[in-house]
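Here's the structure, in structure tokens; my notes come after.
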Amino acid sequence: MERHWEQLAGDVARAVGVIRAGGVLLSPTDTVYGLACDPFSHEAVRKVLELKGREEEKGFLLLIGDPTQAALLAALPPRFEELARRLWPGPVTLLLPALPEVPVSIAGQQGKIGLRIPRDPFWERVLGEWGKPVLSTSANRSGQPAPQTLAELRALFAEEVDLFLAGGEPVAKPPSTVVDLTARPGRIVRAGSRVETVERCLRMWEEGAPE
């Protein structure tokens with residue numbers, strides 16, 4: 001997502017303002033275009049659920065700005081920081097056991113929370129300024145194919161969200177690779193971006209190999 005510094009700063013300020021006000025943002029990420037909001041705003045999460053036509057029990061991914069935030073949301077396995085250094089920032093989602101205080105609308109019925117640190121100048125700045133996790137979910141209707149163009153995205157969501165930041169094409173990119181760490185050994189449950197690197201890092205971590 002290429003932007004001049006002035007435009008990037010303006011977009012970040014607008015995005016943080018929408019999230020702070022309990023609104024819903026649609027923007028590119030380092031993977032697919034996503035709908036984003038404050039995960040602890042009941043009204044914002046309800047709006048995202050309605051936009052996607054999604055059931056609450058499935059839960060959501062959260063973007064975080066720093067690995068230390070993971071401990072505030074999830075029970076971490078031994079040597080988690082080592083694996084996080086290998087895989088974050090980047091298009092890798094780690095599924096972890098959610099702490100009891102995490103709302104069911106985020107953790108879902110299975111009590112798992114997905115966390116990711118994006119490698120993206122816009123989202124790095126949004127998360128840094130906001131200072132808390134942000135809910136992020138792919139911008140598509142539940143059970144329907146993902147939009148392939150900006151025109152399709154606009155037709156689906158532009159009139160429904162509080163802010164639509166179009167970063168240009170391509171819209172259709174590989175999703176994040178999802179790794180379930182709620183049991184050992186950890187396993188890949190969705191192959192996406194950097195899957196071969198993820199497999200190697202996960203194997204080294206499980207075997208206790210040094211970095």
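Residue names in the structure tokens use chain letters A, B, ... in the order shown, residue numbers from 1 in each chain, and ligand numbers from 1 in the order shown.
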
Among chain A, which residues does DSSP mark as alpha helix (DSSP H) when it is run on the backbone? Keep the chain and numbering as in the structure and answer as number ranges by chain.
A: 5-20, 42-52, 80-87, 104-107, 121-130, 150-153, 195-207

Using C-alpha atoms, can you write the selected residues to a file as a PDB file, in the first residue's frame?
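Contents of again_16.pdb, freshly written:
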ATOM      1  CA  TRP A   5       3.940  10.473   3.986  1.00  0.00           C
ATOM      2  CA  GLU A   6       1.327  13.246   4.229  1.00  0.00           C
ATOM      3  CA  GLN A   7      -1.425  11.000   2.881  1.00  0.00           C
ATOM      4  CA  LEU A   8      -0.364   8.132   5.121  1.00  0.00           C
ATOM      5  CA  ALA A   9      -0.433  10.356   8.214  1.00  0.00           C
ATOM      6  CA  GLY A  10      -3.876  11.642   7.279  1.00  0.00           C
ATOM      7  CA  ASP A  11      -5.231   8.156   6.641  1.00  0.00           C
ATOM      8  CA  VAL A  12      -3.859   6.925   9.960  1.00  0.00           C
ATOM      9  CA  ALA A  13      -5.492   9.794  11.844  1.00  0.00           C
ATOM     10  CA  ARG A  14      -8.845   9.166  10.163  1.00  0.00           C
ATOM     11  CA  ALA A  15      -8.648   5.419  10.760  1.00  0.00           C
ATOM     12  CA  VAL A  16      -7.828   5.793  14.454  1.00  0.00           C
ATOM     13  CA  GLY A  17     -10.650   8.315  14.799  1.00  0.00           C
ATOM     14  CA  VAL A  18     -13.159   5.858  13.328  1.00  0.00           C
ATOM     15  CA  ILE A  19     -11.965   2.984  15.529  1.00  0.00           C
ATOM     16  CA  ARG A  20     -12.032   5.195  18.633  1.00  0.00           C
ATOM     17  CA  HIS A  42     -20.037  -4.302  21.369  1.00  0.00           C
ATOM     18  CA  GLU A  43     -21.763  -2.110  18.792  1.00  0.00           C
ATOM     19  CA  ALA A  44     -18.778  -2.106  16.429  1.00  0.00           C
ATOM     20  CA  VAL A  45     -18.413  -5.891  16.572  1.00  0.00           C
ATOM     21  CA  ARG A  46     -22.164  -6.326  16.050  1.00  0.00           C
ATOM     22  CA  LYS A  47     -21.964  -4.124  12.948  1.00  0.00           C
ATOM     23  CA  VAL A  48     -19.101  -6.206  11.520  1.00  0.00           C
ATOM     24  CA  LEU A  49     -21.104  -9.377  12.146  1.00  0.00           C
ATOM     25  CA  GLU A  50     -24.067  -7.864  10.325  1.00  0.00           C
ATOM     26  CA  LEU A  51     -21.930  -6.668   7.413  1.00  0.00           C
ATOM     27  CA  LYS A  52     -20.488 -10.132   6.915  1.00  0.00           C
ATOM     28  CA  PHE A  80       6.122 -18.311  22.640  1.00  0.00           C
ATOM     29  CA  GLU A  81       8.281 -15.200  22.288  1.00  0.00           C
ATOM     30  CA  GLU A  82      10.821 -17.209  20.320  1.00  0.00           C
ATOM     31  CA  LEU A  83       8.222 -18.310  17.766  1.00  0.00           C
ATOM     32  CA  ALA A  84       6.694 -14.834  17.598  1.00  0.00           C
ATOM     33  CA  ARG A  85      10.096 -13.337  16.740  1.00  0.00           C
ATOM     34  CA  ARG A  86      10.426 -15.808  13.879  1.00  0.00           C
ATOM     35  CA  LEU A  87       6.982 -15.223  12.383  1.00  0.00           C
ATOM     36  CA  VAL A 104     -17.148 -14.716  23.158  1.00  0.00           C
ATOM     37  CA  SER A 105     -17.741 -12.521  20.099  1.00  0.00           C
ATOM     38  CA  ILE A 106     -13.936 -12.491  19.682  1.00  0.00           C
ATOM     39  CA  ALA A 107     -12.928 -15.911  21.010  1.00  0.00           C
ATOM     40  CA  PRO A 121       3.300   0.824   7.139  1.00  0.00           C
ATOM     41  CA  PHE A 122      -0.308   1.947   7.511  1.00  0.00           C
ATOM     42  CA  TRP A 123      -1.288  -0.684  10.072  1.00  0.00           C
ATOM     43  CA  GLU A 124       1.980  -0.357  11.981  1.00  0.00           C
ATOM     44  CA  ARG A 125       1.142   3.308  12.539  1.00  0.00           C
ATOM     45  CA  VAL A 126      -2.551   2.734  13.289  1.00  0.00           C
ATOM     46  CA  LEU A 127      -1.752   0.110  15.912  1.00  0.00           C
ATOM     47  CA  GLY A 128       1.012   2.254  17.368  1.00  0.00           C
ATOM     48  CA  GLU A 129      -1.254   5.285  17.716  1.00  0.00           C
ATOM     49  CA  TRP A 130      -4.292   3.325  18.911  1.00  0.00           C
ATOM     50  CA  LEU A 150     -12.163  -2.551  -5.898  1.00  0.00           C
ATOM     51  CA  ALA A 151     -15.442  -2.076  -7.766  1.00  0.00           C
ATOM     52  CA  GLU A 152     -16.816  -5.234  -6.131  1.00  0.00           C
ATOM     53  CA  LEU A 153     -15.619  -4.081  -2.712  1.00  0.00           C
ATOM     54  CA  VAL A 195       3.522 -21.313   4.404  1.00  0.00           C
ATOM     55  CA  GLU A 196       6.867 -23.022   3.748  1.00  0.00           C
ATOM     56  CA  THR A 197       8.669 -20.566   6.028  1.00  0.00           C
ATOM     57  CA  VAL A 198       6.017 -21.078   8.669  1.00  0.00           C
ATOM     58  CA  GLU A 199       6.376 -24.862   8.477  1.00  0.00           C
ATOM     59  CA  ARG A 200      10.146 -24.578   8.954  1.00  0.00           C
ATOM     60  CA  CYS A 201       9.898 -22.133  11.862  1.00  0.00           C
ATOM     61  CA  LEU A 202       7.203 -24.197  13.557  1.00  0.00           C
ATOM     62  CA  ARG A 203       9.285 -27.364  13.246  1.00  0.00           C
ATOM     63  CA  MET A 204      12.374 -25.638  14.694  1.00  0.00           C
ATOM     64  CA  TRP A 205      10.317 -24.250  17.562  1.00  0.00           C
ATOM     65  CA  GLU A 206       8.769 -27.627  18.374  1.00  0.00           C
ATOM     66  CA  GLU A 207      12.195 -29.261  18.321  1.00  0.00           C
TER      67      GLU A 207
END

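Using only C-alpha atoms, the residues found no farther than 8 Å from segment 64-77 of chain A, other than those of its own chain fewer than 6 positions away, are Ala84, Leu96, Pro97, Ala98, Leu99, Val102, Ile113, Leu115, Arg116, Ile117, Pro118, Glu124, Leu127, Gly128, Gly131, Lys132, Pro133, Val134 and Leu181 of chain A.
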
Check segment 11-206 of chain A with DSSP on the backbone and list each residue it calls strand (DSSP E or B), as an MDAnalysis selection string.
chainID A and resid 25:27 34:37 61:63 74 92:98 112:116 134:138 163:164 177:180 187:190

Selected residues written out with C-alpha atoms, as a CSV table (one decimal), in the first residue's frame:
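Generated output (out.csv):
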chain,number,residue,atom,x,y,z
A,25,LEU,CA,-13.0,0.7,8.8
A,26,LEU,CA,-12.4,-1.0,5.4
A,27,SER,CA,-8.9,-0.9,4.2
A,34,GLY,CA,-10.3,-6.2,5.8
A,35,LEU,CA,-13.1,-4.8,7.9
A,36,ALA,CA,-11.7,-3.5,11.2
A,37,CYS,CA,-13.0,-2.1,14.5
A,61,LEU,CA,-8.7,-12.3,14.4
A,62,LEU,CA,-7.1,-9.4,16.2
A,63,LEU,CA,-4.2,-7.3,14.9
A,74,ALA,CA,-4.2,-15.4,25.5
A,92,VAL,CA,0.9,-15.4,10.0
A,93,THR,CA,-2.0,-15.8,12.4
A,94,LEU,CA,-1.4,-17.7,15.6
A,95,LEU,CA,-4.4,-19.3,17.3
A,96,LEU,CA,-4.1,-19.4,21.1
A,97,PRO,CA,-6.3,-20.2,24.1
A,98,ALA,CA,-8.2,-17.0,24.9
A,112,LYS,CA,-9.5,-19.6,20.7
A,113,ILE,CA,-8.1,-16.2,19.8
A,114,GLY,CA,-6.2,-15.4,16.6
A,115,LEU,CA,-3.5,-12.9,16.8
A,116,ARG,CA,-1.2,-11.3,14.2
A,134,VAL,CA,-7.9,-4.1,16.5
A,135,LEU,CA,-10.4,-6.6,15.2
A,136,SER,CA,-9.7,-7.5,11.6
A,137,THR,CA,-11.7,-9.8,9.3
A,138,SER,CA,-11.7,-10.3,5.5
A,163,LEU,CA,-14.4,4.8,6.3
A,164,PHE,CA,-13.2,3.1,3.1
A,177,THR,CA,-1.3,-18.7,7.2
A,178,VAL,CA,-3.1,-19.8,10.4
A,179,VAL,CA,-1.2,-21.9,13.0
A,180,ASP,CA,-3.1,-23.5,15.9
A,187,ARG,CA,-0.3,-27.3,13.4
A,188,ILE,CA,-1.1,-25.3,10.3
A,189,VAL,CA,-4.9,-25.2,9.8
A,190,ARG,CA,-4.9,-22.8,6.9

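Pairwise distance (atom CA of Pro174 of chain A, atom CA of Gly23 of chain A) equals 26.4 Å.
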
Could you state the separation of atom CA of Pro89 of chain A and atom CA of Phe40 of chain A in Å, given to one decimal place?
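That distance, rounded to one decimal, is 23.0 Å.
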
Option closest in space to Asp30 of chain A, from A:Ala172, A:Trp88, A:Glu159, A:Asp120 [counting only C-alpha atoms]
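Selected residue with least distance to Asp30 of chain A: A:Asp120.
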
Closest to Pro103 of chain A among A:Arg54, A:Gly192, A:Gly59, A:Arg119, using only C-alpha atoms?
A:Gly59

Give me the residues near Pro28 of chain A as a PyMOL selection string, where near means some atom within 8 Å (using only C-alpha atoms) and where sequence neighbours in that chain fewer than 2 positions away do not count.
chain A and resi 1+26+30-34+165-167+171

Measure the distance from atom CA of Lys58 of chain A to atom CA of Gly143 of chain A in Å and round it to one decimal.
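Calculated distance between atom CA of Lys58 of chain A and atom CA of Gly143 of chain A is 12.6 Å.
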